[in-house]
$ cat protein32.txt   # compact mmCIF, C-alpha atoms and all ligand atoms
# COMPACT_ATOMS: atom_id res chain seq x y z
CA MET A 1 -21.87 -8.71 8.48
CA LYS A 2 -22.24 -5.78 10.83
CA ALA A 3 -20.80 -2.29 11.02
CA LEU A 4 -18.56 -1.45 13.97
CA ARG A 5 -19.16 1.89 15.64
CA VAL A 6 -17.37 3.76 18.37
CA GLU A 7 -19.44 6.57 19.85
CA ASP A 8 -17.91 9.41 21.85
CA VAL A 9 -15.51 7.22 23.84
CA ALA A 10 -13.43 8.81 26.61
CA VAL A 11 -10.77 7.15 28.77
CA THR A 12 -8.73 8.78 31.53
CA PHE A 13 -5.83 7.05 33.27
CA THR A 14 -4.90 8.10 36.76
CA ASP A 15 -1.74 6.85 38.37
CA SER A 16 0.50 8.21 41.10
CA HIS A 17 2.21 10.67 38.73
CA ARG A 18 -0.56 12.13 36.65
CA THR A 19 -4.08 12.10 35.28
CA HIS A 20 -4.05 11.53 31.56
CA ARG A 21 -6.91 11.70 29.09
CA ALA A 22 -5.91 8.91 26.69
CA LEU A 23 -9.10 9.11 24.57
CA ASP A 24 -11.09 12.30 24.37
CA GLY A 25 -14.45 11.78 22.70
CA VAL A 26 -13.51 9.43 19.86
CA SER A 27 -16.24 8.47 17.38
CA LEU A 28 -15.81 6.37 14.26
CA SER A 29 -17.68 3.94 12.07
CA ILE A 30 -16.39 1.03 9.95
CA ASP A 31 -18.68 -0.67 7.45
CA PRO A 32 -18.49 -4.40 6.74
CA GLY A 33 -15.74 -5.04 4.21
CA GLN A 34 -14.03 -1.77 5.05
CA THR A 35 -10.59 -1.26 6.59
CA LEU A 36 -10.06 1.83 8.68
CA ALA A 37 -6.36 2.49 9.27
CA ILE A 38 -5.61 4.79 12.17
CA VAL A 39 -2.24 6.45 12.28
CA GLY A 40 -0.95 8.45 15.21
CA PRO A 41 2.24 9.13 17.12
CA SER A 42 3.29 6.88 19.96
CA GLY A 43 1.13 7.58 23.02
CA ALA A 44 -1.78 8.94 20.95
CA GLY A 45 -4.21 6.37 22.38
CA LYS A 46 -4.26 3.78 19.58
CA SER A 47 -3.87 0.70 21.78
CA THR A 48 -6.28 2.14 24.32
CA LEU A 49 -8.90 2.49 21.58
CA LEU A 50 -8.45 -1.15 20.54
CA ARG A 51 -8.67 -2.30 24.14
CA VAL A 52 -11.96 -0.46 24.59
CA ILE A 53 -13.39 -2.02 21.42
CA ALA A 54 -12.24 -5.51 22.43
CA GLY A 55 -13.81 -5.07 25.87
CA LEU A 56 -10.50 -5.21 27.76
CA LEU A 57 -11.00 -1.70 29.10
CA ARG A 58 -14.25 -0.03 30.12
CA PRO A 59 -14.51 3.58 28.90
CA GLU A 60 -15.65 6.25 31.33
CA ARG A 61 -17.99 7.56 28.64
CA GLY A 62 -19.28 6.43 25.27
CA ASP A 63 -20.20 3.14 23.67
CA VAL A 64 -19.08 0.52 21.15
CA THR A 65 -21.72 -1.07 18.91
CA LEU A 66 -21.76 -3.91 16.38
CA GLY A 67 -24.66 -3.88 13.96
CA GLY A 68 -26.26 -1.16 16.07
CA VAL A 69 -26.21 -3.24 19.27
CA SER A 70 -24.26 -1.96 22.26
CA LEU A 71 -21.42 -4.20 23.44
CA ALA A 72 -21.23 -2.52 26.83
CA ALA A 73 -22.76 -5.48 28.64
CA HIS A 74 -20.71 -8.06 26.72
CA PRO A 75 -17.41 -9.24 28.16
CA THR A 76 -14.44 -9.72 25.80
CA GLN A 77 -14.98 -13.42 25.18
CA GLU A 78 -18.58 -12.83 24.03
CA ARG A 79 -17.80 -10.01 21.62
CA ARG A 80 -16.35 -12.14 18.81
CA ILE A 81 -13.83 -9.43 18.05
CA ALA A 82 -10.42 -10.87 17.15
CA MET A 83 -7.28 -8.90 17.90
CA VAL A 84 -3.78 -9.38 16.47
CA PHE A 85 -0.92 -7.62 18.22
CA GLN A 86 2.65 -6.98 17.25
CA ASP A 87 4.66 -9.96 18.51
CA ASP A 88 1.53 -12.00 18.79
CA ALA A 89 2.01 -14.94 21.14
CA LEU A 90 1.26 -18.37 19.72
CA PHE A 91 1.29 -21.38 22.02
CA PRO A 92 4.94 -22.49 21.88
CA ALA A 93 4.34 -26.14 22.72
CA MET A 94 1.76 -26.59 19.95
CA SER A 95 2.38 -26.97 16.24
CA VAL A 96 1.02 -24.30 13.90
CA ARG A 97 -1.85 -26.65 12.99
CA GLU A 98 -2.72 -27.16 16.65
CA ASN A 99 -2.53 -23.42 17.28
CA LEU A 100 -4.98 -22.84 14.44
CA ARG A 101 -7.30 -25.66 15.50
CA PHE A 102 -7.36 -24.32 19.04
CA ALA A 103 -8.58 -20.94 17.79
CA MET A 104 -11.55 -22.30 15.88
CA ARG A 105 -14.90 -21.42 17.30
CA ASN A 106 -16.84 -24.36 16.04
CA GLY A 107 -14.44 -27.18 16.64
CA ALA A 108 -11.74 -28.55 14.38
CA HIS A 109 -12.45 -28.28 10.72
CA ALA A 110 -9.49 -29.51 8.72
CA ALA A 111 -10.66 -28.00 5.40
CA GLY A 112 -11.05 -24.54 6.94
CA ILE A 113 -7.57 -24.67 8.44
CA ALA A 114 -6.00 -25.81 5.18
CA GLN A 115 -7.81 -23.13 3.19
CA THR A 116 -6.95 -20.27 5.52
CA ALA A 117 -3.34 -21.46 5.87
CA ARG A 118 -3.07 -21.47 2.08
CA ALA A 119 -4.56 -17.99 1.76
CA LEU A 120 -2.01 -16.61 4.21
CA GLY A 121 0.92 -18.57 2.80
CA VAL A 122 1.63 -20.74 5.84
CA SER A 123 0.55 -24.17 4.49
CA ALA A 124 4.12 -25.42 4.46
CA HIS A 125 4.53 -24.67 8.17
CA LEU A 126 1.49 -26.43 9.63
CA ASP A 127 3.53 -29.14 11.37
CA ARG A 128 6.23 -26.84 12.71
CA ARG A 129 6.47 -25.18 16.11
CA PRO A 130 6.15 -21.35 16.29
CA ARG A 131 9.78 -20.96 17.44
CA ASP A 132 10.98 -22.55 14.21
CA LEU A 133 9.25 -19.88 12.10
CA SER A 134 10.48 -16.44 11.10
CA GLY A 135 8.82 -13.33 12.56
CA GLY A 136 6.85 -12.80 9.35
CA GLU A 137 5.63 -16.40 9.26
CA ARG A 138 4.54 -16.21 12.90
CA GLN A 139 2.68 -13.01 12.16
CA ARG A 140 0.84 -14.65 9.28
CA VAL A 141 -0.07 -17.60 11.51
CA ALA A 142 -1.45 -15.12 14.05
CA LEU A 143 -3.58 -13.55 11.29
CA ALA A 144 -4.80 -16.99 10.20
CA ARG A 145 -5.64 -17.82 13.78
CA ALA A 146 -7.63 -14.60 14.15
CA LEU A 147 -9.60 -15.37 10.98
CA LEU A 148 -10.35 -18.92 12.03
CA SER A 149 -11.95 -17.72 15.26
CA ASP A 150 -14.79 -16.58 12.98
CA PRO A 151 -14.87 -13.01 14.30
CA LEU A 152 -17.43 -10.30 13.58
CA ALA A 153 -14.69 -7.67 13.54
CA LEU A 154 -10.90 -7.72 13.36
CA LEU A 155 -8.53 -5.40 15.24
CA LEU A 156 -4.89 -5.23 14.20
CA ASP A 157 -2.40 -3.45 16.48
CA GLU A 158 0.78 -2.68 14.51
CA PRO A 159 1.03 -6.30 13.41
CA LEU A 160 3.99 -5.48 11.16
CA ALA A 161 5.94 -3.29 13.59
CA HIS A 162 8.77 -5.70 14.32
CA LEU A 163 9.27 -7.08 10.84
CA ASP A 164 12.08 -6.05 8.54
CA PRO A 165 11.09 -4.16 5.37
CA GLY A 166 11.07 -7.18 3.03
CA LEU A 167 8.86 -9.16 5.37
CA ARG A 168 6.59 -6.19 5.92
CA ALA A 169 5.86 -6.09 2.21
CA ALA A 170 5.12 -9.83 2.19
CA VAL A 171 2.82 -9.69 5.21
CA ARG A 172 1.13 -6.58 3.83
CA ALA A 173 0.27 -8.67 0.78
CA SER A 174 -1.13 -11.33 3.14
CA LEU A 175 -3.29 -8.63 4.69
CA ARG A 176 -4.78 -7.94 1.30
CA ASP A 177 -5.53 -11.66 0.95
CA LEU A 178 -7.08 -11.57 4.36
CA ARG A 179 -9.25 -8.65 3.30
CA GLU A 180 -10.65 -10.80 0.51
CA ARG A 181 -11.49 -13.59 2.93
CA PHE A 182 -12.98 -11.51 5.71
CA GLU A 183 -16.20 -9.62 5.19
CA GLY A 184 -16.44 -7.81 8.51
CA PRO A 185 -15.00 -4.45 9.54
CA VAL A 186 -11.22 -4.21 10.11
CA LEU A 187 -9.50 -1.62 12.28
CA TYR A 188 -5.75 -1.34 11.75
CA VAL A 189 -3.62 0.93 13.93
CA THR A 190 -0.04 1.89 13.18
CA HIS A 191 2.43 4.72 13.58
CA ASP A 192 3.62 4.15 10.00
CA HIS A 193 2.06 6.75 7.68
CA ALA A 194 2.79 4.98 4.40
CA GLU A 195 1.46 1.69 5.73
CA ALA A 196 -1.76 3.31 6.93
CA MET A 197 -2.31 4.91 3.54
CA VAL A 198 -1.72 1.65 1.68
CA ILE A 199 -3.80 -0.58 3.94
CA GLY A 200 -6.77 1.63 4.77
CA ASP A 201 -9.82 2.27 2.59
CA MET A 202 -10.32 5.00 5.16
CA LEU A 203 -7.61 6.83 7.07
CA GLY A 204 -8.00 8.22 10.57
CA VAL A 205 -5.48 10.43 12.34
CA LEU A 206 -5.38 10.10 16.14
CA ILE A 207 -3.39 12.73 18.03
CA ASP A 208 -3.48 13.17 21.81
CA GLY A 209 -6.59 11.05 22.19
CA ARG A 210 -8.60 12.86 19.52
CA LEU A 211 -9.53 11.58 16.09
CA GLU A 212 -8.51 14.78 14.31
CA ASP A 213 -9.45 13.65 10.81
CA CYS A 214 -11.01 10.63 9.13
CA GLY A 215 -11.80 10.01 5.48
CA PRO A 216 -10.47 8.52 2.24
CA PRO A 217 -6.63 8.46 2.50
CA GLU A 218 -6.16 10.68 -0.57
CA ARG A 219 -8.50 13.34 0.85
CA VAL A 220 -6.88 13.32 4.31
CA TYR A 221 -3.41 13.58 2.77
CA ASP A 222 -4.42 16.18 0.19
CA SER A 223 -6.65 18.38 2.34
CA PRO A 224 -6.10 17.76 6.07
CA ALA A 225 -8.97 18.88 8.31
CA ASN A 226 -6.76 21.03 10.50
CA LEU A 227 -3.25 22.18 11.34
CA ARG A 228 -2.57 19.32 13.76
CA VAL A 229 -3.12 16.79 10.97
CA ALA A 230 -1.22 18.93 8.45
CA ALA A 231 1.78 19.15 10.78
CA PHE A 232 1.76 15.39 11.46
CA LEU A 233 0.79 13.49 8.32
CA GLY A 234 3.48 12.84 5.71
CA LEU A 235 7.21 12.20 5.96
CA PRO A 236 8.14 15.00 5.98
CA PRO A 237 4.81 16.77 6.58
CA MET A 238 3.51 19.97 4.90
CA ASN A 239 5.43 23.21 4.97
CA LEU A 240 3.40 25.61 7.13
CA VAL A 241 3.84 29.35 6.72
CA THR A 242 1.90 31.83 8.87
CA GLU A 243 0.45 34.79 6.95
CA GLY A 244 -1.39 36.94 9.47
CA ALA A 245 -4.68 35.26 10.36
CA ARG A 246 -4.06 32.31 8.03
CA VAL A 247 -1.52 29.54 7.77
CA LEU A 248 -0.52 28.42 4.30
CA GLY A 249 0.28 24.73 3.87
CA ILE A 250 2.03 23.07 0.95
CA ARG A 251 3.60 19.63 0.66
CA PRO A 252 7.33 19.48 -0.19
CA GLU A 253 6.54 17.52 -3.37
CA HIS A 254 4.35 20.39 -4.59
CA VAL A 255 6.85 23.20 -4.08
CA ALA A 256 8.17 24.13 -7.52
CA VAL A 257 11.84 24.97 -8.02
CA VAL A 258 11.76 27.36 -10.99
CA ALA A 259 14.30 29.94 -12.13
CA ASP A 260 12.08 33.03 -12.21
CA ALA A 261 10.02 32.36 -9.04
CA PRO A 262 9.62 35.21 -6.54
CA LEU A 263 10.43 33.38 -3.29
CA ARG A 264 14.18 33.07 -2.95
CA GLY A 265 16.77 32.00 -0.45
CA PRO A 266 19.98 30.08 0.06
CA LEU A 267 20.05 26.27 0.08
CA GLU A 268 20.90 25.24 3.66
CA ARG A 269 20.81 21.51 3.28
CA ARG A 270 20.18 18.81 0.73
CA GLU A 271 19.15 15.32 1.81
CA ALA A 272 18.89 12.52 -0.71
CA VAL A 273 16.38 9.75 0.07
CA GLY A 274 16.49 7.18 -2.73
CA ALA A 275 15.17 8.75 -5.92
CA ASP A 276 14.26 12.05 -4.22
CA ALA A 277 16.21 14.85 -2.62
CA TYR A 278 14.84 17.32 -0.08
CA LEU A 279 16.11 20.88 -0.37
CA ARG A 280 16.00 23.03 2.77
CA VAL A 281 15.74 26.62 1.64
CA ARG A 282 15.95 29.60 4.03
CA THR A 283 13.38 32.08 2.61
CA PRO A 284 12.01 35.38 3.99
CA LEU A 285 8.89 33.33 4.96
CA GLY A 286 10.97 30.82 6.95
CA LEU A 287 12.45 27.43 6.12
CA VAL A 288 10.81 25.73 3.15
CA LEU A 289 11.35 22.11 2.19
CA ALA A 290 11.12 21.20 -1.51
CA ARG A 291 11.30 17.72 -2.97
CA VAL A 292 13.17 17.35 -6.26
CA PRO A 293 14.55 14.38 -8.20
CA ALA A 294 17.84 13.28 -6.61
CA THR A 295 19.52 13.55 -10.02
CA GLN A 296 19.13 17.37 -10.08
CA PRO A 297 22.34 19.00 -8.82
CA PHE A 298 22.09 21.99 -6.42
CA ALA A 299 25.01 23.69 -4.69
CA LEU A 300 24.81 24.29 -0.93
CA GLY A 301 24.57 28.02 -0.22
CA GLY A 302 23.43 28.75 -3.77
CA GLU A 303 20.20 30.70 -4.28
CA ILE A 304 17.05 28.68 -4.93
CA ALA A 305 13.84 30.21 -6.31
CA LEU A 306 10.56 28.62 -5.25
CA ALA A 307 6.92 28.85 -6.29
CA PHE A 308 3.77 27.54 -4.62
CA PRO A 309 1.32 26.44 -7.33
CA PRO A 310 -2.00 27.93 -6.13
CA GLU A 311 -3.98 24.72 -6.73
CA ARG A 312 -1.65 22.89 -4.32
CA VAL A 313 -1.85 25.40 -1.51
CA ARG A 314 -4.10 24.73 1.52
CA TYR A 315 -5.11 27.36 4.08
CA PHE A 316 -5.86 27.01 7.76
CA ASP A 317 -7.24 29.44 10.32
CA ALA A 318 -4.24 30.47 12.42
CA GLU A 319 -6.31 30.64 15.60
CA SER A 320 -8.59 27.58 15.44
CA GLY A 321 -6.34 25.52 13.14
CA ALA A 322 -9.35 24.48 11.03
CA ALA A 323 -8.94 24.14 7.27
CA ILE A 324 -10.38 27.02 5.27
CA SER A 325 -12.12 25.71 2.17
P1 LIG A 401 -0.42 4.29 21.53
O1 LIG A 401 -0.95 2.91 21.35
O2 LIG A 401 -0.99 5.27 20.55
O3 LIG A 401 1.08 4.38 21.59
P2 LIG A 401 -1.60 4.04 24.17
O4 LIG A 401 -3.05 3.84 23.91
O5 LIG A 401 -0.79 2.85 24.50
O6 LIG A 401 -0.93 4.84 22.95
O7 LIG A 401 -1.43 5.09 25.36
C1 LIG A 401 -2.06 6.35 25.36
C2 LIG A 401 -1.65 7.11 26.60
O8 LIG A 401 -2.22 6.53 27.75
C3 LIG A 401 -0.13 7.13 26.83
O9 LIG A 401 0.21 8.40 27.34
C4 LIG A 401 0.06 6.04 27.85
O10 LIG A 401 1.20 6.31 28.65
C5 LIG A 401 -1.21 6.12 28.67
N1 LIG A 401 -1.59 4.81 29.21
C6 LIG A 401 -1.90 3.70 28.50
N2 LIG A 401 -2.25 2.69 29.32
C7 LIG A 401 -2.14 3.17 30.58
C8 LIG A 401 -2.39 2.62 31.88
N3 LIG A 401 -2.81 1.35 32.03
N4 LIG A 401 -2.17 3.41 32.96
C9 LIG A 401 -1.75 4.70 32.80
N5 LIG A 401 -1.53 5.29 31.62
C10 LIG A 401 -1.73 4.54 30.51

$ encode --input "protein32.txt" --output "structure tokens"
Amino acid sequence: MKALRVEDVAVTFTDSHRTHRALDGVSLSIDPGQTLAIVGPSGAGKSTLLRVIAGLLRPERGDVTLGGVSLAAHPTQERRIAMVFQDDALFPAMSVRENLRFAMRNGAHAAGIAQTARALGVSAHLDRRPRDLSGGERQRVALARALLSDPLALLLDEPLAHLDPGLRAAVRASLRDLRERFEGPVLYVTHDHAEAMVIGDMLGVLIDGRLEDCGPPERVYDSPANLRVAAFLGLPPMNLVTEGARVLGIRPEHVAVVADAPLRGPLERREAVGADAYLRVRTPLGLVLARVPATQPFALGGEIALAFPPERVRYFDAESGAAIS
């Protein structure tokens, strides 16, 4: 299997209202067997990136390669790159089995269909029509169909976006099964931070057409490359406090609420989210968010003392935004 590479890709859209740089020099590399999850806000350029890789959109600059060979001269149908979208359309008049058979590159192969259907948990639905399936089942059929097309790379565009939380968990598990059955590179784009961190071996952060950070999910979450990533990644993201030429960053779960700490201020708001509560404290340094167990009682307006454990603090250059190591 071959590595998928994107090299310095730029795309600009021009319509009657505006000129918009949707991708601004994006480079990335995905090894065979690896899943790169890209997270970014809506409008960041995620779908545009997938369209360029699939050959549906020609970039104004840059290249896409598979196994070191440029795909520039290859139209979509020759690239053998399968793409699964949110709300993927199956042929409504065909049964699931016929949909899967239709996708196969090398003709019908009953054993392959049965095996893939089993791996993705849709064996029981092979003789049904897509409209008689739930959203999650349809999505798993779409994944099975993509696999059966025998692709060299797999692109997934928010395939779980329209599923309810229970189904998302089930289909996410199917994605792990899929990972075991597919040896090529997988690119997964989503606006869901938690999903990206769970699904990706590598995590990329795309903001305004730029891949601002890319690396192992723990590293990107723990030590973001710059302020743009720090201010975006995490729900809620890092607290950022400007200190002259530097910006201090600390995640809400790392802020310590301790009686004798030096940073103090009144509790403005307390928001419970399941087992956690977020305390919004108005300090002389600005608003600071601290995560505590929801079982700890705190009175609104009461004084809260906070500490930033030094090993948890990250610093960024206030001017360039780059992380200071
Ligand atoms: P995402 O998938 O991250 O939500 P997209 O790749 O769909 O973002 O879009 C990136 C930006 O490019 C958006 O500002 C979008 O409005 C713009 N865009 C996408 N496709 C077109 C197009 N065909 N014409 C003009 N602008 C487009």

$ residues_near_ligand --input "protein32.txt" --ligand "ligand LIG 401 (chain A)" --cutoff "10 Å" --atoms "all atoms listed in the file" --output "ChimeraX atom specification"
/A:11-23,38-52,57,157-158,189-191,206-209

$ closest_residue --input "protein32.txt" --among "A:Ala114, A:Leu90, A:Leu160, A:Ile199" --to "Arg129 of chain A" --atoms "all atoms listed in the file"
A:Leu90

$ atom_distance --input "protein32.txt" --atom1 "atom CA of Leu175 of chain A" --atom2 "atom CA of Ser223 of chain A"
27.3 Å

$ residues_around --input "protein32.txt" --residues "Thr76 of chain A" --least-positions-apart "6" --cutoff "7 Å" --atoms "all atoms listed in the file" --output "PyMOL selection string"
chain A and resi 54-56

$ closest_residue --input "protein32.txt" --among "A:Asp213, A:Asp132, A:Glu137, A:Asp201" --to "Ser174 of chain A" --atoms "only C-alpha atoms"
A:Glu137

$ residues_near_point --input "protein32.txt" --point "(-5.8, 7.5, 0.6)" --cutoff "8 Å" --atoms "only C-alpha atoms" --output "ChimeraX atom specification"
/A:197-198,200-203,216-221

$ atom_distance --input "protein32.txt" --atom1 "atom CA of Ala37 of chain A" --atom2 "atom CA of Tyr188 of chain A"
4.6 Å

$ residues_around --input "protein32.txt" --residues "Ala245 of chain A" --least-positions-apart "3" --cutoff "12 Å" --atoms "all atoms listed in the file" --output "list in words"
Val241, Thr242, Leu248, Tyr315, Phe316, Asp317, Ala318, Glu319, Ser320, Gly321, Ala322 and Ile324 of chain A

$ write_last_selection --input "protein32.txt" --atoms "C-alpha atoms" --output "PDB file, in the coordinates of the input"
ATOM      1  CA  VAL A 241       3.840  29.350   6.720  1.00  0.00           C
ATOM      2  CA  THR A 242       1.900  31.830   8.870  1.00  0.00           C
ATOM      3  CA  LEU A 248      -0.520  28.420   4.300  1.00  0.00           C
ATOM      4  CA  TYR A 315      -5.110  27.360   4.080  1.00  0.00           C
ATOM      5  CA  PHE A 316      -5.860  27.010   7.760  1.00  0.00           C
ATOM      6  CA  ASP A 317      -7.240  29.440  10.320  1.00  0.00           C
ATOM      7  CA  ALA A 318      -4.240  30.470  12.420  1.00  0.00           C
ATOM      8  CA  GLU A 319      -6.310  30.640  15.600  1.00  0.00           C
ATOM      9  CA  SER A 320      -8.590  27.580  15.440  1.00  0.00           C
ATOM     10  CA  GLY A 321      -6.340  25.520  13.140  1.00  0.00           C
ATOM     11  CA  ALA A 322      -9.350  24.480  11.030  1.00  0.00           C
ATOM     12  CA  ILE A 324     -10.380  27.020   5.270  1.00  0.00           C
TER      13      ILE A 324
END

$ residues_around --input "protein32.txt" --residues "segment 255-260 of chain A" --least-positions-apart "2" --cutoff "8 Å" --atoms "all atoms listed in the file" --output "ChimeraX atom specification"
/A:250-253,262,289-292,304-309

$ atom_distance --input "protein32.txt" --atom1 "atom CA of Leu279 of chain A" --atom2 "atom CA of Leu300 of chain A"
9.4 Å

$ closest_residue --input "protein32.txt" --among "A:Pro159, A:Gly68, A:Pro297, A:Pro185" --to "Pro32 of chain A" --atoms "all atoms listed in the file"
A:Pro185

$ residues_around --input "protein32.txt" --residues "segment 82-89 of chain A" --least-positions-apart "4" --cutoff "7 Å" --atoms "only C-alpha atoms" --output "ChimeraX atom specification"
/A:139,142-143,146,151,153-162

$ closest_residue --input "protein32.txt" --among "A:Val247, A:Ile81, A:Val171, A:Leu4" --to "Gln34 of chain A" --atoms "all atoms listed in the file"
A:Leu4

$ closest_residue --input "protein32.txt" --among "A:Val313, A:Leu235, A:Val273, A:Leu227" --to "Ala294 of chain A" --atoms "all atoms listed in the file"
A:Val273

$ closest_residue --input "protein32.txt" --among "A:Leu178, A:Arg5, A:Leu28, A:Asp127" --to "Val69 of chain A" --atoms "only C-alpha atoms"
A:Arg5

$ residues_around --input "protein32.txt" --residues "segment 6-9 of chain A" --least-positions-apart "2" --cutoff "6 Å" --atoms "all atoms listed in the file" --output "VMD selection string"
chain A and resid 25 to 28 61 to 64

$ write_last_selection --input "protein32.txt" --atoms "C-alpha atoms" --output "compact mmCIF listing (two decimals), keeping the file's coordinate frame"
# COMPACT_ATOMS: atom_id res chain seq x y z
CA GLY A 25 -14.45 11.78 22.70
CA VAL A 26 -13.51 9.43 19.86
CA SER A 27 -16.24 8.47 17.38
CA LEU A 28 -15.81 6.37 14.26
CA ARG A 61 -17.99 7.56 28.64
CA GLY A 62 -19.28 6.43 25.27
CA ASP A 63 -20.20 3.14 23.67
CA VAL A 64 -19.08 0.52 21.15

$ residues_near_point --input "protein32.txt" --point "(4.8, 8.2, 7.2)" --cutoff "8 Å" --atoms "all atoms listed in the file" --output "ChimeraX atom specification"
/A:191-195,233-236
